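To start, the structure under review is shown below, and the notes come after it.
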Amino acid sequence: MNQYPITPYLDEICVALRESTSRFLILTAETAAGKSTVLPLALLRNFSGKILMTEPRRIAVLGVANRVAELNTEYADCEGSATGEVGYKIHLESNITKETRLEVVTEAILVRQLQSDPALEAYNVVVLDEFHERSVNTDLALAFLKEAMLLRDDLFVVIMSATIDTEKLQEYLGDCGETPVFKVPGRQFPVQVIYEPEKSVAGAVREALSFSKQNILVFLPGISDIRKAQDALLETGLFDEESNNELCILHSSISLEEQKKVLVESQKRRVILSSAIAETSLTVPGVTTVIDSGFARINRLDINTGMEKLTTETESEFSAEQRKGRAGRLCEGTCIRLWDKHDPRLKELAPEILRADLVPLVLECSERGVYSVDGIDWLDCPSRAAWKESSELLLHLGMLKIDGRITEKGKAALTLGVHPRLAGIALADFDSDKGRLSEEGRKLLIQFSSYSRSSQELQRRFISDLERRLKISGYKEKEKTDFLILCGYPDRLAKRTSEPGLEPAEYKFAGGRQARLYNKRAPLWLCAPDVMAGDKEAVIFDLVELDEAKINEFLEKHCEIREICSFTQGTLQKFEQKCFGEIVLSSKKIPVSDGDYAQAWVNEVKEKGLVCLPKDSRVESLLLRAQFIEQQKEAESENQLEERLRDSVNEWLIPFMGGKTSLTSSMVYDALYWYLNGTEIDRLAPETLVLENGRRCKVQYEKLAEIRPVIEIIIQRIFGCFTTPQICGKKVLLRLLSPASRPLQVTEDLEHFWTGAWIEICKEMKGRYPKHNWNYTVVEKD
C-alpha cells in the first residue's frame, strides 16, 4: 500500500476524523490517490466498529470491493491480520458474512438501511465515495445521515471526491459543528490533449490504434451512439478474430456480467466504447488513451407532465477533466477531444435532485415522517413543483394519503427494491396464496425494469427475488384489475386523437400531454410507460395495448364528472364532462348559473397562465417586483412564481370578483396585491426611492438577464450622490440622461463614475448644452 499518494496521510486523516467536532470529514483527493481503496483499510485499522462505504453504481461497488479485498489480503499476509473483512452488497447479489467489517454498497442500499435503522447502530463509520456525482440517493442519504448524527455521538462520516465544493458542504454541515477538510495530492501522469473537431469517432480510434499500445477508452453519450460506433469500427476489419484488437462496450443497459468482463485484463488491446459510467468510481484496466466525443446523455424531468426527457447535451468542464484523467492513471497518456478548444461549456452539471424523477425520494421521505419538501434539511432543496407532482402520482397509486403520510401499500412498495411504479404493478398482481406473480405481471415487470436487456438467468433471479420480497411484505391488494400496467402508470393512459391509419398517430395522455406514436399499429387506447418528453409533444417508444371493450368498462368505474366553464369566442359556456384525468370521455352543454363567470376565468388561468388576464402597468409592476424579491432570496424562479399563482388562482381571484360578470385590471391588481402581500412588496421593492441628495425618483423593474431595478434620471439631478442606491441588496441600474432625456451612460458603479466616464461626458456635453451645469466635481464626503 506504500505506493499510493494517500498513504503518508492515512493516520492524519483518521485522527482528524476522530477529533472532528461535527464527526464529519470532507476529503478531496486527486485521481489515482488511492482514496477509494487504501483509505477504507486505514479506517478498518483505526476504528473498531463496522464501516459502510457507498459507490454510485453496481459495477463500481464490485470493482472497488474486489480491489480493497485484494489489498486487504496482501496486508493480512504481511501483518497477520484477519481476512474476509471486505464484502459488498448490490441488488440481487450479496457477499457479506459474519466476518465482514467493511461493506461496499450502492447509495440506494444505504438509504434503505437508514430507514430500517435511523441511527445506523450497526456501523461506526460511513464513507460516501464519489460524492460529486450527487445522485438523488446521495443527497437523500446525506440528509438522513445528518439526522442520524444527532442520535449518536460515536458515528463518523467521511465525504470524499476528486473535486467538491467544500465551502458549501461545510456550511451545510455547520449545524453539527466545524467540519475539517483534508486535501490529498494524486498521482496523475501528464496527459496530452489533442483537439480534433472534424474527426469522427471511428477516425479517432484508427488514429489512436496507430500510436497506442495500451487500451483505448472512448466516451460516447448513450447506447445508440455506442452501437453506431461499434458497427462503424467492426466494418474497418481492425477487430477481426485474428487481430490483436478487441472491441468492448460498457453501458448500464448491458448485463452486469458483460460489464464485469471489461474490468478483467485481456491479452488483446481493447477499445472500450463507454457512456459516462467510466468517468469516475470505476477503473478500466490498461487505459492510456481517451477519446472524448464531448457529449453526455442527461435525464431531466418535465415537471408539467411528470415525464423524463433524456437529452444529448454538451458535457461539463468537470466531466471533460474527469474523462481526461482516465488516460493518466498508469503513465503519460493522450486525450483526443472531438470538439473545438474554444467551444463553451458549463462548469458542472446541476445535482440530480434538481432535475430528475423524485417519486422514490418522496415515498422514502414519507416513511421517514417527512411530508413536505421543507421537512428535512437538504444540501440542495428539490423543486416544490416536482415534489407536488410526485406526491400526486403516489396518491393516485395508493401509496400516500392526502396529507402526505405513507400507506401500508407505500410501506410494502419500499421493501421491493424497485421503482414505486413497478411496485404498484407487482403488489396488484401478486397472488399471496400461490406465492407468485402471473405471467403477464412477470413480463411487464421485466419489460419496464432495468433488467429488460439482461440475460434470462438474471431476469429469473430478479423475479424470484421480487416474489420473495412480496411474500415477506404481507400486503394484499383488495381489488384486482384488468389492467396491471395502469397500477403503475395510470397517468400514461392515452387515447388516440388522430384518424386511424395516419402516421404518426396523435395521442392525448390522462395528464393532458400530447404525444406521437411512430408505428403503423396505433390502437385507440394504450398505456405508454416508455415515453420521452419533448418541447411540445412527447414521443411514445414502448407501450401496452389496451382492449377497447375492457377499457371502456374500466373508465366508467374510475371516471369523474366535472362541470367546466369556459369562454368560447368571448361567450360564457358551461359543460358537464365525464373525464379520466384530462381525457374527456363525453360532454354535454348545461345552463349557466351564478358564479360560473368567475370559474371560467379560473379555468382560463389554469390552462393559459397569467397571460390571459387583463393587466395594466400596475399589475405588471407588482408581478415584476414580487419576482425580483424572490430572485434575491434565491427562492423561486419567475416561472415557479407564475405556476404557484396559476395553481392557487381559486384562492386569490374568486374572492375579488364577488359575483361580477366582468373582470378588470384593477380587480386583478387588488387580488394579487392582497395575495402576494403588496405592503411587504412596497417596502422591499419600492416604486419610488429617495436618493442620497434628497431627490425622490421613480424606480422601474425590468426583465433583462434577470429582473433589475432601474432608475432613468437626468444627470444633473443625481449631483450629490456618491454611492449606487441598492434595493434588496441589489444595485440599481442607473440610466443617466442628457437634459433632452437622451441616453448618456448606463452604470451600476456610481462610486467610480464621477472620476471616470463623467470627465469625458462633461467635455462633450458642454458644447451641446451650454446653458446647463457641467462643472460638477466630486467632493469627498467627510
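Labeling convention for the C-alpha cells: chains A, B, ... as they appear, residues from 1 per chain, ligands from 1 in order of appearance.
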
Could you name the residues that touch A:Arg405 at 9 Å or less, counting only C-alpha atoms, but leaving out those on the same chain fewer than 2 positions away, as a VMD selection string? chain A and resid 366 to 367 369 to 371 399 to 403 407

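Within 9 Å of A:Ala16, once only C-alpha atoms are used and residues closer than 4 positions along the same chain are dropped, the contacting residues are Asp11, Glu12, Ser20, Leu25, Pro180 and Phe182 of chain A.
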
C-alpha atoms of the current selection, written as a PDB file, in the first residue's frame:
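Output contents, as saved in result-v8.pdb:
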```pdb
ATOM      1  CA  ASP A  11      -3.001   8.288  10.102  1.00  0.00           C
ATOM      2  CA  GLU A  12      -3.507  12.047   9.969  1.00  0.00           C
ATOM      3  CA  SER A  20     -13.776  16.369  14.244  1.00  0.00           C
ATOM      4  CA  LEU A  25     -14.711  14.901   7.438  1.00  0.00           C
ATOM      5  CA  PRO A 180     -12.413  19.603   8.701  1.00  0.00           C
ATOM      6  CA  PHE A 182      -8.446  17.282   4.081  1.00  0.00           C
TER       7      PHE A 182
END
```

From the options A:Ser587, A:Asn603, A:Ser274, A:Thr497, which residue's atoms come nearest to A:Val262, counting only C-alpha atoms?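 Ranked by minimum distance to A:Val262, first place goes to A:Ser274.
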
Under the rule of at most 12 Å, produce a per-residue listing of stretch 112-165 of chain A near stretch 320-324 of chain A: chain, number, name, the closest pair of atoms, and the distance in Å, as JSON lines, using only C-alpha atoms.
```
{"residue": "A:Glu130", "atom": "CA", "partner": "A:Gln322", "partner_atom": "CA", "distance": 11.6}
{"residue": "A:His132", "atom": "CA", "partner": "A:Gln322", "partner_atom": "CA", "distance": 11.1}
{"residue": "A:Glu133", "atom": "CA", "partner": "A:Gln322", "partner_atom": "CA", "distance": 11.3}
{"residue": "A:Ser161", "atom": "CA", "partner": "A:Gln322", "partner_atom": "CA", "distance": 11.4}
{"residue": "A:Ala162", "atom": "CA", "partner": "A:Gln322", "partner_atom": "CA", "distance": 8.8}
{"residue": "A:Thr163", "atom": "CA", "partner": "A:Gln322", "partner_atom": "CA", "distance": 9.5}
```

Using only C-alpha atoms, which of the listed residues (A:Asn124, A:Thr179, A:Gln115, A:Asn95) sits closest to A:Lys50? A:Asn124

Would you mind reading off the distance between atom CA of A:Glu712 and atom CA of A:Leu737, one decimal, in Å?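 Taking atom CA of A:Glu712 and atom CA of A:Leu737, their separation equals 7.0 Å.
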
Test item: residues at most 8 Å from stretch 702-709 of chain A, only C-alpha atoms, excluding those fewer than 3 positions along its chain, as an MDAnalysis selection string: chainID A and resid 624 627:628 631 699 727 731:733

What does the file look like for those residues with N, CA, C and O atoms, as a PDB file, in the first residue's frame?
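This went into result-v6.pdb:
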```
ATOM      1  N   LEU A 624     -43.523  41.963 -11.400  1.00  0.00           N
ATOM      2  CA  LEU A 624     -42.072  42.059 -11.563  1.00  0.00           C
ATOM      3  C   LEU A 624     -41.384  42.289 -10.225  1.00  0.00           C
ATOM      4  O   LEU A 624     -40.328  41.703  -9.939  1.00  0.00           O
ATOM      5  N   GLN A 627     -41.407  39.044  -8.248  1.00  0.00           N
ATOM      6  CA  GLN A 627     -40.403  38.124  -8.794  1.00  0.00           C
ATOM      7  C   GLN A 627     -38.991  38.581  -8.423  1.00  0.00           C
ATOM      8  O   GLN A 627     -38.116  37.755  -8.115  1.00  0.00           O
ATOM      9  N   PHE A 628     -38.775  39.895  -8.431  1.00  0.00           N
ATOM     10  CA  PHE A 628     -37.461  40.439  -8.079  1.00  0.00           C
ATOM     11  C   PHE A 628     -37.099  40.082  -6.639  1.00  0.00           C
ATOM     12  O   PHE A 628     -35.973  39.664  -6.344  1.00  0.00           O
ATOM     13  N   GLN A 631     -36.265  36.500  -6.378  1.00  0.00           N
ATOM     14  CA  GLN A 631     -34.987  36.286  -7.062  1.00  0.00           C
ATOM     15  C   GLN A 631     -33.816  36.572  -6.112  1.00  0.00           C
ATOM     16  O   GLN A 631     -32.824  35.839  -6.092  1.00  0.00           O
ATOM     17  N   VAL A 699     -38.653  54.269  -9.651  1.00  0.00           N
ATOM     18  CA  VAL A 699     -37.905  53.039  -9.942  1.00  0.00           C
ATOM     19  C   VAL A 699     -38.755  52.125 -10.820  1.00  0.00           C
ATOM     20  O   VAL A 699     -39.922  51.868 -10.509  1.00  0.00           O
ATOM     21  N   ILE A 727     -31.481  48.042  -3.727  1.00  0.00           N
ATOM     22  CA  ILE A 727     -32.798  47.551  -3.320  1.00  0.00           C
ATOM     23  C   ILE A 727     -32.669  46.053  -3.083  1.00  0.00           C
ATOM     24  O   ILE A 727     -32.201  45.319  -3.958  1.00  0.00           O
ATOM     25  N   LYS A 731     -27.739  46.280  -6.519  1.00  0.00           N
ATOM     26  CA  LYS A 731     -27.501  47.635  -7.014  1.00  0.00           C
ATOM     27  C   LYS A 731     -28.513  48.011  -8.087  1.00  0.00           C
ATOM     28  O   LYS A 731     -28.853  47.206  -8.951  1.00  0.00           O
ATOM     29  N   VAL A 732     -28.981  49.258  -8.022  1.00  0.00           N
ATOM     30  CA  VAL A 732     -29.908  49.781  -9.027  1.00  0.00           C
ATOM     31  C   VAL A 732     -29.119  50.124 -10.280  1.00  0.00           C
ATOM     32  O   VAL A 732     -28.007  50.668 -10.208  1.00  0.00           O
ATOM     33  N   LEU A 733     -29.670  49.807 -11.419  1.00  0.00           N
ATOM     34  CA  LEU A 733     -29.053  50.172 -12.692  1.00  0.00           C
ATOM     35  C   LEU A 733     -29.458  51.603 -13.014  1.00  0.00           C
ATOM     36  O   LEU A 733     -30.646  51.921 -13.096  1.00  0.00           O
TER      37      LEU A 733
END
```

List every residue of stretch 147-318 of chain A that DSSP, applied to the backbone of this structure, places in strand (DSSP E or B), and write the result as a VMD selection string. chain A and resid 156 to 161 181 to 184 191 to 195 215 to 219 245 to 250 269 to 274 287 to 292 295 to 302 307 to 314

Include C-alpha atoms and write out the residues we just selected as a CSV table (one decimal), in the first residue's frame.
```
chain,number,residue,atom,x,y,z
A,156,PHE,CA,-18.4,9.2,11.9
A,157,VAL,CA,-18.9,10.1,8.2
A,158,VAL,CA,-16.3,10.7,5.5
A,159,ILE,CA,-17.5,12.5,2.4
A,160,MET,CA,-14.9,12.2,-0.4
A,161,SER,CA,-14.5,13.1,-4.1
A,181,VAL,CA,-11.4,19.5,5.0
A,182,PHE,CA,-8.4,17.3,4.1
A,183,LYS,CA,-6.8,17.6,0.7
A,184,VAL,CA,-4.6,14.9,-0.8
A,191,VAL,CA,-2.0,13.8,-20.4
A,192,GLN,CA,-1.5,15.4,-23.8
A,193,VAL,CA,-4.8,16.9,-25.0
A,194,ILE,CA,-5.5,16.9,-28.8
A,195,TYR,CA,-8.5,18.7,-30.3
A,215,ASN,CA,-6.2,0.1,-24.1
A,216,ILE,CA,-8.3,3.0,-25.6
A,217,LEU,CA,-11.4,4.3,-23.7
A,218,VAL,CA,-14.0,6.1,-25.9
A,219,PHE,CA,-16.7,8.2,-24.2
A,245,ASN,CA,-7.6,-5.8,-31.1
A,246,GLU,CA,-10.8,-6.3,-29.1
A,247,LEU,CA,-13.9,-4.1,-29.2
A,248,CYS,CA,-15.9,-3.9,-25.9
A,249,ILE,CA,-19.0,-2.0,-24.6
A,250,LEU,CA,-19.5,-0.5,-21.2
A,269,ARG,CA,-5.5,-4.4,-26.9
A,270,ARG,CA,-9.0,-3.2,-26.1
A,271,VAL,CA,-11.1,-0.3,-27.4
A,272,ILE,CA,-13.9,0.2,-24.9
A,273,LEU,CA,-16.9,2.2,-26.1
A,274,SER,CA,-18.4,3.6,-22.9
A,287,VAL,CA,-6.1,2.6,-20.4
A,288,THR,CA,-3.6,5.2,-21.6
A,289,THR,CA,-5.7,6.9,-24.4
A,290,VAL,CA,-9.1,8.5,-24.1
A,291,ILE,CA,-11.3,9.7,-27.0
A,292,ASP,CA,-14.0,12.1,-25.8
A,295,PHE,CA,-21.4,14.8,-25.2
A,296,ALA,CA,-23.4,13.1,-22.4
A,297,ARG,CA,-27.0,11.9,-22.0
A,298,ILE,CA,-28.7,13.9,-19.3
A,299,ASN,CA,-32.0,12.9,-17.7
A,300,ARG,CA,-34.3,15.9,-17.0
A,301,LEU,CA,-37.8,15.8,-15.6
A,302,ASP,CA,-40.6,17.8,-17.3
A,307,MET,CA,-42.2,12.6,-17.9
A,308,GLU,CA,-38.5,12.4,-18.1
A,309,LYS,CA,-36.6,13.8,-21.0
A,310,LEU,CA,-33.3,12.2,-21.8
A,311,THR,CA,-31.3,14.7,-23.9
A,312,THR,CA,-27.9,14.6,-25.5
A,313,GLU,CA,-26.0,17.7,-24.2
A,314,THR,CA,-22.5,19.1,-24.2
```

At a cut-off of 9 Å, using only C-alpha atoms, what residues contact A:Leu444? Leave out same-chain residues fewer than 2 positions from it and give the result as a CSV table (one decimal) with N, CA, C and O atoms, in the first residue's frame.
```
chain,number,residue,atom,x,y,z
A,422,LEU,N,-43.3,0.3,-10.6
A,422,LEU,CA,-43.2,-1.2,-10.8
A,422,LEU,C,-43.7,-1.9,-9.5
A,422,LEU,O,-44.3,-2.9,-9.6
A,425,ILE,N,-47.4,-2.3,-9.8
A,425,ILE,CA,-47.8,-3.5,-10.6
A,425,ILE,C,-47.6,-4.8,-9.9
A,425,ILE,O,-48.5,-5.6,-9.9
A,439,GLU,N,-47.9,-14.6,-15.3
A,439,GLU,CA,-47.0,-14.5,-16.4
A,439,GLU,C,-47.1,-13.1,-17.0
A,439,GLU,O,-46.1,-12.5,-17.4
A,440,GLU,N,-48.3,-12.5,-17.0
A,440,GLU,CA,-48.4,-11.1,-17.5
A,440,GLU,C,-47.6,-10.1,-16.6
A,440,GLU,O,-46.9,-9.3,-17.1
A,441,GLY,N,-47.8,-10.3,-15.3
A,441,GLY,CA,-47.1,-9.5,-14.4
A,441,GLY,C,-45.6,-9.6,-14.5
A,441,GLY,O,-44.8,-8.6,-14.5
A,442,ARG,N,-45.1,-10.8,-14.7
A,442,ARG,CA,-43.6,-11.0,-14.8
A,442,ARG,C,-43.1,-10.3,-16.1
A,442,ARG,O,-42.1,-9.7,-16.1
A,446,ILE,N,-40.4,-7.2,-16.1
A,446,ILE,CA,-39.1,-7.3,-16.8
A,446,ILE,C,-39.0,-6.2,-17.9
A,446,ILE,O,-38.0,-5.5,-18.0
A,447,GLN,N,-40.1,-6.1,-18.7
A,447,GLN,CA,-40.1,-5.2,-19.8
A,447,GLN,C,-39.8,-3.7,-19.4
A,447,GLN,O,-39.0,-3.1,-20.2
A,448,PHE,N,-40.3,-3.3,-18.3
A,448,PHE,CA,-40.1,-1.9,-17.9
A,448,PHE,C,-39.2,-1.7,-16.8
A,448,PHE,O,-39.2,-0.6,-16.1
A,449,SER,N,-38.3,-2.7,-16.5
A,449,SER,CA,-37.3,-2.5,-15.4
A,449,SER,C,-36.0,-2.4,-16.0
A,449,SER,O,-35.8,-2.4,-17.3
A,484,LEU,N,-53.1,-4.4,-15.4
A,484,LEU,CA,-52.0,-4.3,-14.4
A,484,LEU,C,-51.1,-3.1,-14.7
A,484,LEU,O,-50.6,-2.5,-13.8
A,485,ILE,N,-50.9,-2.8,-16.0
A,485,ILE,CA,-50.0,-1.7,-16.3
A,485,ILE,C,-50.5,-0.4,-15.7
A,485,ILE,O,-49.6,0.5,-15.4
A,544,VAL,N,-48.3,-0.6,-24.0
A,544,VAL,CA,-49.1,-1.8,-23.8
A,544,VAL,C,-50.5,-1.5,-24.4
A,544,VAL,O,-51.1,-0.5,-24.0
```
